[in-house]
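Undergrad: For reference, the structure I am asking about is given below.
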Amino acid sequence: MCDDIRQKVSPNRCSSYELLEVMHQAHLMVMRSSATMMFGHLEKDVHIFEHMDKIRRLQDETQGFTAFIPWTFQPDNTKIAVKKKTSVEYLRVLAMSRLFLDNIENIQASWVTQGDKIAQTALFFGANDMGSTMIEENVVASAGVDFMLSKDELTRLITRAGFEPRQRDCYYYLL
């Protein structure tokens, strides 16, 4: 949500102000949404904090975010030549998001970008949600990452980590 970085990475997208305003209006209409942050490309640490601060401020105002999902940029098959973030770097940002975004109840592990073992480890770094199974995922897959997990595998990972798996809907109501 940092416009200088956003303009370099996705020059045809709207500004962070416009995106946050859309979310603000949706939340005012009692529509809930999740917030995401892709990191690991051209940003510096200050940009990560700026992004989270914008999310935190909107959440303070609307309470409309159900979850926050940080995930790492996957550089393969892209025009941005950077070294891929390590699992330690991912877990550090995830843990920071749990502390900084204490007004968002759910922090989701990104097994799609990190794989099963790091997603499982993320449960000890502040994540309380493993996301869901997917019918199709194109964004990360187009960059060459193809982690896919079944409901049974997600359940096994959560249980093996010592937590109780719970099924939920997209609004985080337990089923």
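The chains in the structure tokens are called A, B, ... from first to last as shown; in each chain the residues are counted from 1, and the ligands are counted from 1 in the order shown.
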What's the 12 Å shell around Leu28 in chain A, counting only C-alpha atoms, without same-chain residues fewer than 4 positions away, as a PDB file with N, CA, C and O atoms, in the first residue's frame?
TA:
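File written: selection07.pdb
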ATOM      1  N   GLU A  21     -10.123   3.377   0.100  1.00  0.00           N
ATOM      2  CA  GLU A  21     -11.453   3.993   0.072  1.00  0.00           C
ATOM      3  C   GLU A  21     -12.515   2.987  -0.367  1.00  0.00           C
ATOM      4  O   GLU A  21     -13.629   2.972   0.174  1.00  0.00           O
ATOM      5  N   VAL A  22     -12.188   2.138  -1.333  1.00  0.00           N
ATOM      6  CA  VAL A  22     -13.121   1.079  -1.736  1.00  0.00           C
ATOM      7  C   VAL A  22     -13.398   0.164  -0.548  1.00  0.00           C
ATOM      8  O   VAL A  22     -14.554  -0.172  -0.254  1.00  0.00           O
ATOM      9  N   MET A  23     -12.337  -0.241   0.155  1.00  0.00           N
ATOM     10  CA  MET A  23     -12.519  -1.100   1.331  1.00  0.00           C
ATOM     11  C   MET A  23     -13.317  -0.380   2.408  1.00  0.00           C
ATOM     12  O   MET A  23     -14.195  -0.972   3.045  1.00  0.00           O
ATOM     13  N   HIS A  24     -13.028   0.901   2.608  1.00  0.00           N
ATOM     14  CA  HIS A  24     -13.752   1.688   3.602  1.00  0.00           C
ATOM     15  C   HIS A  24     -15.246   1.715   3.291  1.00  0.00           C
ATOM     16  O   HIS A  24     -16.085   1.481   4.169  1.00  0.00           O
ATOM     17  N   ARG A  32     -17.595  -7.503   4.795  1.00  0.00           N
ATOM     18  CA  ARG A  32     -16.322  -7.825   5.428  1.00  0.00           C
ATOM     19  C   ARG A  32     -15.319  -8.227   4.343  1.00  0.00           C
ATOM     20  O   ARG A  32     -15.701  -8.684   3.277  1.00  0.00           O
ATOM     21  N   SER A  33     -14.053  -8.082   4.621  1.00  0.00           N
ATOM     22  CA  SER A  33     -13.019  -8.463   3.668  1.00  0.00           C
ATOM     23  C   SER A  33     -11.756  -8.854   4.420  1.00  0.00           C
ATOM     24  O   SER A  33     -11.629  -8.604   5.613  1.00  0.00           O
ATOM     25  N   LEU A  58      -7.442   1.680   9.086  1.00  0.00           N
ATOM     26  CA  LEU A  58      -8.771   1.406   8.541  1.00  0.00           C
ATOM     27  C   LEU A  58      -9.524   0.426   9.437  1.00  0.00           C
ATOM     28  O   LEU A  58     -10.725   0.602   9.680  1.00  0.00           O
ATOM     29  N   GLN A  59      -8.825  -0.571   9.954  1.00  0.00           N
ATOM     30  CA  GLN A  59      -9.470  -1.527  10.863  1.00  0.00           C
ATOM     31  C   GLN A  59      -9.949  -0.840  12.137  1.00  0.00           C
ATOM     32  O   GLN A  59     -11.023  -1.155  12.644  1.00  0.00           O
ATOM     33  N   GLU A  61     -11.042   2.071  12.381  1.00  0.00           N
ATOM     34  CA  GLU A  61     -12.230   2.840  12.023  1.00  0.00           C
ATOM     35  C   GLU A  61     -13.438   1.962  11.718  1.00  0.00           C
ATOM     36  O   GLU A  61     -14.559   2.280  12.123  1.00  0.00           O
ATOM     37  N   THR A  62     -13.236   0.862  10.995  1.00  0.00           N
ATOM     38  CA  THR A  62     -14.383   0.108  10.479  1.00  0.00           C
ATOM     39  C   THR A  62     -14.590  -1.282  11.084  1.00  0.00           C
ATOM     40  O   THR A  62     -15.680  -1.817  11.004  1.00  0.00           O
ATOM     41  N   GLN A  63     -13.534  -1.894  11.612  1.00  0.00           N
ATOM     42  CA  GLN A  63     -13.581  -3.288  12.074  1.00  0.00           C
ATOM     43  C   GLN A  63     -14.067  -4.230  10.968  1.00  0.00           C
ATOM     44  O   GLN A  63     -14.693  -5.244  11.230  1.00  0.00           O
ATOM     45  N   GLY A  64     -13.745  -3.896   9.719  1.00  0.00           N
ATOM     46  CA  GLY A  64     -14.247  -4.662   8.587  1.00  0.00           C
ATOM     47  C   GLY A  64     -13.368  -5.798   8.099  1.00  0.00           C
ATOM     48  O   GLY A  64     -13.812  -6.619   7.296  1.00  0.00           O
ATOM     49  N   PHE A  65     -12.121  -5.857   8.565  1.00  0.00           N
ATOM     50  CA  PHE A  65     -11.238  -6.930   8.102  1.00  0.00           C
ATOM     51  C   PHE A  65     -11.412  -8.174   8.960  1.00  0.00           C
ATOM     52  O   PHE A  65     -11.347  -8.111  10.187  1.00  0.00           O
TER      53      PHE A  65
END
Undergrad: Check the DSSP output for the backbone and give back, as a PyMOL selection string, the residues of range 4-144 of chain A in helix (DSSP H, G or I).
TA: chain A and resi 4-9+16-28+45-62+87-100+111-114+116-122+141-143
Undergrad: If you count only C-alpha atoms, which residues fall within 9 Å of Ala95 in chain A, apart from same-chain ones fewer than 6 positions away, as JSON, numbers by chain?
TA: {"A": [122, 124, 125, 126, 127]}
Undergrad: From the list A:Val9, A:Leu149, A:Met52, A:Ser97, which residue is nearest Asp116 in chain A when using only C-alpha atoms?
TA: A:Leu149
Undergrad: Identify, on the basis of only C-alpha atoms, every residue whose closest approach to Asp169 in chain A does not exceed 12 Å; exclude the query and any residue fewer than 6 positions from it along the same chain; express the result as a count of residues only.
TA: 5
Undergrad: Write out as a PDB file with N, CA and C atoms, in the first residue's frame all residues of range 20-166 of chain A that DSSP puts in strand (DSSP E) for this structure's backbone.
TA:
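Okay, this is what ended up in states_15.pdb:
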ATOM      1  N   SER A  33     -14.053  -8.082   4.621  1.00  0.00           N
ATOM      2  CA  SER A  33     -13.019  -8.463   3.668  1.00  0.00           C
ATOM      3  C   SER A  33     -11.756  -8.854   4.420  1.00  0.00           C
ATOM      4  N   SER A  34     -10.850  -9.460   3.704  1.00  0.00           N
ATOM      5  CA  SER A  34      -9.528  -9.722   4.268  1.00  0.00           C
ATOM      6  C   SER A  34      -8.571  -8.680   3.707  1.00  0.00           C
ATOM      7  N   ALA A  35      -7.441  -8.537   4.376  1.00  0.00           N
ATOM      8  CA  ALA A  35      -6.394  -7.638   3.912  1.00  0.00           C
ATOM      9  C   ALA A  35      -5.150  -8.483   3.664  1.00  0.00           C
ATOM     10  N   THR A  36      -4.442  -8.170   2.604  1.00  0.00           N
ATOM     11  CA  THR A  36      -3.236  -8.928   2.284  1.00  0.00           C
ATOM     12  C   THR A  36      -2.047  -7.983   2.152  1.00  0.00           C
ATOM     13  N   MET A  37      -0.873  -8.581   2.191  1.00  0.00           N
ATOM     14  CA  MET A  37       0.344  -7.825   1.920  1.00  0.00           C
ATOM     15  C   MET A  37       1.345  -8.766   1.252  1.00  0.00           C
ATOM     16  N   MET A  38       1.653  -8.477   0.011  1.00  0.00           N
ATOM     17  CA  MET A  38       2.713  -9.200  -0.676  1.00  0.00           C
ATOM     18  C   MET A  38       3.995  -8.410  -0.436  1.00  0.00           C
ATOM     19  N   PHE A  39       5.029  -9.095   0.024  1.00  0.00           N
ATOM     20  CA  PHE A  39       6.296  -8.422   0.277  1.00  0.00           C
ATOM     21  C   PHE A  39       7.442  -9.285  -0.244  1.00  0.00           C
ATOM     22  N   PHE A  65     -12.121  -5.857   8.565  1.00  0.00           N
ATOM     23  CA  PHE A  65     -11.238  -6.930   8.102  1.00  0.00           C
ATOM     24  C   PHE A  65     -11.412  -8.174   8.960  1.00  0.00           C
ATOM     25  N   THR A  66     -11.625  -9.292   8.300  1.00  0.00           N
ATOM     26  CA  THR A  66     -11.732 -10.573   9.006  1.00  0.00           C
ATOM     27  C   THR A  66     -10.366 -11.184   9.257  1.00  0.00           C
ATOM     28  N   ALA A  67      -9.408 -10.873   8.386  1.00  0.00           N
ATOM     29  CA  ALA A  67      -8.090 -11.494   8.492  1.00  0.00           C
ATOM     30  C   ALA A  67      -7.046 -10.658   7.761  1.00  0.00           C
ATOM     31  N   PHE A  68      -5.799 -10.911   8.126  1.00  0.00           N
ATOM     32  CA  PHE A  68      -4.652 -10.336   7.434  1.00  0.00           C
ATOM     33  C   PHE A  68      -3.793 -11.493   6.949  1.00  0.00           C
ATOM     34  N   ILE A  69      -3.381 -11.424   5.686  1.00  0.00           N
ATOM     35  CA  ILE A  69      -2.587 -12.496   5.093  1.00  0.00           C
ATOM     36  C   ILE A  69      -1.326 -11.906   4.475  1.00  0.00           C
ATOM     37  N   PRO A  70      -0.175 -12.047   5.148  1.00  0.00           N
ATOM     38  CA  PRO A  70       1.075 -11.648   4.511  1.00  0.00           C
ATOM     39  C   PRO A  70       1.610 -12.804   3.671  1.00  0.00           C
ATOM     40  N   TRP A  71       2.141 -12.508   2.488  1.00  0.00           N
ATOM     41  CA  TRP A  71       2.717 -13.555   1.653  1.00  0.00           C
ATOM     42  C   TRP A  71       3.869 -12.989   0.852  1.00  0.00           C
ATOM     43  N   THR A  72       4.802 -13.854   0.546  1.00  0.00           N
ATOM     44  CA  THR A  72       6.031 -13.416  -0.101  1.00  0.00           C
ATOM     45  C   THR A  72       5.912 -13.406  -1.624  1.00  0.00           C
ATOM     46  N   ASN A 106      -7.672 -12.463  12.996  1.00  0.00           N
ATOM     47  CA  ASN A 106      -7.096 -13.629  12.323  1.00  0.00           C
ATOM     48  C   ASN A 106      -5.905 -13.255  11.450  1.00  0.00           C
ATOM     49  N   ILE A 107      -4.818 -13.980  11.656  1.00  0.00           N
ATOM     50  CA  ILE A 107      -3.627 -13.857  10.825  1.00  0.00           C
ATOM     51  C   ILE A 107      -3.461 -15.204  10.131  1.00  0.00           C
TER      52      ILE A 107
END
Undergrad: Given only C-alpha atoms, how would the per-residue table for range 4-78 of chain A near range 83-93 of chain A read, listing every residue at most 7 Å away with its closest atom pair and distance in Å to one decimal, sorted by chain and number, as JSON lines?
TA:
{"residue": "A:Gly40", "atom": "CA", "partner": "A:Lys85", "partner_atom": "CA", "distance": 5.8}
{"residue": "A:Thr72", "atom": "CA", "partner": "A:Lys85", "partner_atom": "CA", "distance": 6.7}
{"residue": "A:Gln74", "atom": "CA", "partner": "A:Lys84", "partner_atom": "CA", "distance": 6.6}
{"residue": "A:Pro75", "atom": "CA", "partner": "A:Lys84", "partner_atom": "CA", "distance": 6.4}
Undergrad: Keeping all heavy atoms, export the residues of the selection given above as a JSON list (two decimals), in the first residue's frame.
TA:
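Contents of result.json, freshly written:
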[["chain", "number", "residue", "atom", "x", "y", "z"],
["A", 40, "GLY", "N", 8.61, -8.66, -0.36],
["A", 40, "GLY", "CA", 9.77, -9.39, -0.81],
["A", 40, "GLY", "C", 10.21, -9.04, -2.22],
["A", 40, "GLY", "O", 10.87, -9.83, -2.89],
["A", 72, "THR", "N", 4.80, -13.85, 0.55],
["A", 72, "THR", "CA", 6.03, -13.42, -0.10],
["A", 72, "THR", "C", 5.91, -13.41, -1.62],
["A", 72, "THR", "O", 5.29, -14.28, -2.22],
["A", 72, "THR", "CB", 7.21, -14.32, 0.28],
["A", 72, "THR", "OG1", 6.88, -15.68, 0.00],
["A", 72, "THR", "CG2", 7.56, -14.16, 1.76],
["A", 74, "GLN", "N", 6.90, -14.09, -5.25],
["A", 74, "GLN", "CA", 7.53, -15.24, -5.89],
["A", 74, "GLN", "C", 8.16, -14.75, -7.20],
["A", 74, "GLN", "O", 7.45, -14.52, -8.17],
["A", 74, "GLN", "CB", 6.49, -16.34, -6.14],
["A", 74, "GLN", "CG", 5.76, -16.80, -4.89],
["A", 74, "GLN", "CD", 6.70, -17.36, -3.84],
["A", 74, "GLN", "OE1", 7.45, -18.28, -4.10],
["A", 74, "GLN", "NE2", 6.66, -16.79, -2.64],
["A", 75, "PRO", "N", 9.47, -14.57, -7.23],
["A", 75, "PRO", "CA", 10.11, -13.88, -8.36],
["A", 75, "PRO", "C", 10.26, -14.69, -9.65],
["A", 75, "PRO", "O", 10.48, -14.08, -10.71],
["A", 75, "PRO", "CB", 11.49, -13.52, -7.81],
["A", 75, "PRO", "CG", 11.76, -14.53, -6.75],
["A", 75, "PRO", "CD", 10.41, -14.86, -6.16]]
Undergrad: Given only C-alpha atoms as the basis, pick out the residue of A:Met29, A:Leu123, A:Leu42, A:Leu20 nearest to Asp4 in chain A.
TA: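 Comparing A:Met29, A:Leu123, A:Leu42, A:Leu20 against Asp4 in chain A, the winner is A:Leu42.
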Undergrad: Can you work out the spacing between CA of Leu154 in chain A and CA of Met130 in chain A in Å, to one decimal?
TA: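 Between these atoms lies a distance of 7.3 Å.
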